[in-house]
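This is upload_12.pdb. It holds PDB, C-alpha atoms, pLDDT in the B column.
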```pdb
ATOM      1  CA  MET F 170     101.557  18.050 176.294  1.00 42.00           C
ATOM      2  CA  ASN F 171     104.858  17.990 178.108  1.00 45.00           C
ATOM      3  CA  LYS F 172     107.164  15.786 176.055  1.00 50.00           C
ATOM      4  CA  SER F 173     110.403  14.674 177.582  1.00 48.00           C
ATOM      5  CA  ARG F 174     113.377  15.029 175.263  1.00 50.00           C
ATOM      6  CA  SER F 175     115.445  12.411 177.050  1.00 50.00           C
ATOM      7  CA  MET F 176     115.751   8.997 175.468  1.00 52.00           C
ATOM      8  CA  LYS F 177     114.046   6.579 177.816  1.00 56.00           C
ATOM      9  CA  PHE F 178     113.868   3.070 176.461  1.00 56.00           C
ATOM     10  CA  CYS F 179     112.707   0.074 178.385  1.00 63.00           C
ATOM     11  CA  ARG F 180     115.446  -2.377 179.348  1.00 61.00           C
ATOM     12  CA  LYS F 181     114.450  -4.920 176.727  1.00 63.00           C
ATOM     13  CA  CYS F 182     114.674  -2.378 173.879  1.00 62.00           C
ATOM     14  CA  ASN F 183     117.845  -0.796 175.238  1.00 62.00           C
ATOM     15  CA  SER F 184     119.784  -4.065 175.472  1.00 63.00           C
ATOM     16  CA  SER F 185     120.323  -4.603 171.742  1.00 75.00           C
ATOM     17  CA  ALA F 186     123.339  -2.956 170.123  1.00 82.00           C
ATOM     18  CA  LEU F 187     122.583  -4.321 166.647  1.00 86.00           C
ATOM     19  CA  PRO F 188     120.654  -1.272 165.325  1.00 86.00           C
ATOM     20  CA  PHE F 189     123.496   1.026 166.368  1.00 89.00           C
ATOM     21  CA  PHE F 190     126.065  -1.258 164.760  1.00 93.00           C
ATOM     22  CA  VAL F 191     124.093  -1.138 161.501  1.00 93.00           C
ATOM     23  CA  VAL F 192     124.060   2.688 161.656  1.00 94.00           C
ATOM     24  CA  PHE F 193     127.847   2.735 162.148  1.00 96.00           C
ATOM     25  CA  PHE F 194     128.345   0.211 159.327  1.00 96.00           C
ATOM     26  CA  VAL F 195     126.181   2.085 156.799  1.00 96.00           C
ATOM     27  CA  ALA F 196     127.796   5.415 157.679  1.00 96.00           C
ATOM     28  CA  GLY F 197     131.239   3.834 157.301  1.00 97.00           C
ATOM     29  CA  ILE F 198     130.423   2.372 153.890  1.00 97.00           C
ATOM     30  CA  SER F 199     129.045   5.742 152.766  1.00 96.00           C
ATOM     31  CA  ALA F 200     132.210   7.509 153.927  1.00 96.00           C
ATOM     32  CA  TYR F 201     134.379   4.918 152.169  1.00 96.00           C
ATOM     33  CA  LEU F 202     132.502   5.355 148.882  1.00 96.00           C
ATOM     34  CA  THR F 203     132.861   9.120 149.243  1.00 95.00           C
ATOM     35  CA  TRP F 204     136.593   8.661 149.849  1.00 95.00           C
ATOM     36  CA  LEU F 205     136.907   6.579 146.682  1.00 95.00           C
ATOM     37  CA  THR F 206     134.887   9.041 144.610  1.00 94.00           C
ATOM     38  CA  LEU F 207     136.874  12.041 145.796  1.00 92.00           C
ATOM     39  CA  THR F 208     140.159  10.169 145.247  1.00 92.00           C
ATOM     40  CA  TYR F 209     139.303   9.659 141.583  1.00 92.00           C
ATOM     41  CA  SER F 210     138.296  13.326 141.337  1.00 90.00           C
ATOM     42  CA  GLU F 211     141.850  14.306 142.309  1.00 86.00           C
ATOM     43  CA  VAL F 212     140.908  16.769 145.037  1.00 89.00           C
ATOM     44  CA  GLY F 213     143.335  17.748 147.784  1.00 92.00           C
ATOM     45  CA  LYS F 214     143.870  15.744 150.961  1.00 93.00           C
ATOM     46  CA  THR F 215     142.022  18.285 153.102  1.00 94.00           C
ATOM     47  CA  GLU F 216     138.905  18.172 150.924  1.00 93.00           C
ATOM     48  CA  LEU F 217     139.136  14.386 150.755  1.00 94.00           C
ATOM     49  CA  ILE F 218     139.204  13.999 154.534  1.00 95.00           C
ATOM     50  CA  ALA F 219     136.642  16.741 155.168  1.00 96.00           C
ATOM     51  CA  GLY F 220     134.226  15.296 152.619  1.00 95.00           C
ATOM     52  CA  SER F 221     134.479  11.763 153.973  1.00 96.00           C
ATOM     53  CA  VAL F 222     134.122  12.821 157.601  1.00 96.00           C
ATOM     54  CA  GLY F 223     131.214  15.091 156.680  1.00 97.00           C
ATOM     55  CA  VAL F 224     129.382  12.280 154.914  1.00 96.00           C
ATOM     56  CA  PHE F 225     130.057   9.891 157.815  1.00 97.00           C
ATOM     57  CA  LEU F 226     128.652  12.380 160.342  1.00 97.00           C
ATOM     58  CA  ALA F 227     125.656  13.369 158.212  1.00 97.00           C
ATOM     59  CA  VAL F 228     124.632   9.808 157.375  1.00 96.00           C
ATOM     60  CA  GLY F 229     125.349   8.597 160.905  1.00 96.00           C
ATOM     61  CA  ALA F 230     123.349  11.378 162.553  1.00 96.00           C
ATOM     62  CA  THR F 231     120.403  10.939 160.188  1.00 96.00           C
ATOM     63  CA  LEU F 232     120.257   7.170 160.621  1.00 95.00           C
ATOM     64  CA  LEU F 233     120.779   7.412 164.376  1.00 93.00           C
ATOM     65  CA  HIS F 234     117.851   9.806 164.655  1.00 94.00           C
ATOM     66  CA  TYR F 235     115.735   7.454 162.542  1.00 92.00           C
ATOM     67  CA  VAL F 236     116.657   4.349 164.560  1.00 88.00           C
ATOM     68  CA  ILE F 237     116.025   6.009 167.916  1.00 86.00           C
ATOM     69  CA  SER F 238     112.652   7.395 166.826  1.00 86.00           C
ATOM     70  CA  CYS F 239     111.609   3.994 165.461  1.00 83.00           C
ATOM     71  CA  MET F 240     112.674   2.235 168.659  1.00 80.00           C
ATOM     72  CA  LYS F 241     110.653   4.685 170.752  1.00 79.00           C
ATOM     73  CA  ARG F 242     107.630   4.484 168.482  1.00 80.00           C
ATOM     74  CA  HIS F 243     107.522   0.687 168.136  1.00 72.00           C
ATOM     75  CA  CYS F 244     108.295  -0.358 171.711  1.00 72.00           C
ATOM     76  CA  ARG F 245     105.497  -2.736 172.646  1.00 65.00           C
ATOM     77  CA  HIS F 246     106.660  -3.510 176.142  1.00 61.00           C
ATOM     78  CA  GLY F 247     104.406  -0.927 177.737  1.00 61.00           C
ATOM     79  CA  ASN F 248     105.193   1.054 180.838  1.00 57.00           C
ATOM     80  CA  THR F 249     105.279  -1.884 183.209  1.00 54.00           C
ATOM     81  CA  PRO F 250     107.758  -1.502 186.103  1.00 52.00           C
ATOM     82  CA  GLU F 251     109.874  -4.487 185.057  1.00 50.00           C
ATOM     83  CA  HIS F 252     110.600  -2.985 181.632  1.00 46.00           C
ATOM     84  CA  ARG F 253     111.556   0.540 182.712  1.00 46.00           C
TER      85      ARG F 253
END
```
Represent the structure from my file as structure tokens, please.
Amino acid sequence: MNKSRSMKFCRKCNSSALPFFVVFFVAGISAYLTWLTLTYSEVGKTELIAGSVGVFLAVGATLLHYVISCMKRHCRHGNTPEHR
């Protein structure tokens, strides 16, 4: 039961950047909506920036973890030498 913590995808799964772009896009939209909400709440600049960056990092990290675990779980290319 020795699980490796390194992210080892096969070459076919690792070649697509689209899932990571979607994570960046969703985190950016979430940060922008937070920015707008905090702007209307009339908080200070420091809280505005800290809140938006915090939401971007939290949403980005959560979605990145989800995407990576799904890619590892649903890889159907097997452990053939040409896909390592």
Query raised in the report: Using only C-alpha atoms, what residues lie at most 9 Å away from (133.3, 9.6, 157.3) (file coordinates), given as a list in words?
Result: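 Residues with an atom at most 9 Å from (133.3, 9.6, 157.3): Ala196, Gly197, Ile198, Ser199, Ala200, Tyr201, Thr203, Trp204, Ile218, Ala219, Gly220, Ser221, Val222, Gly223, Val224, Phe225, Leu226, Ala227, Val228 and Gly229 of chain F.
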Report task. Kindly give the distance, in Å, that separates CA of Ala230 (chain F) and CA of Val195 (chain F), rounded to a single decimal. Result ->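 About the pair CA of Ala230 (chain F) and CA of Val195 (chain F): they are 11.3 Å apart.
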Report task. Please indicate the distance in Å from CA of Val192 (chain F) to CA of Thr231 (chain F), rounded to one decimal place. Result -> 9.1 Å
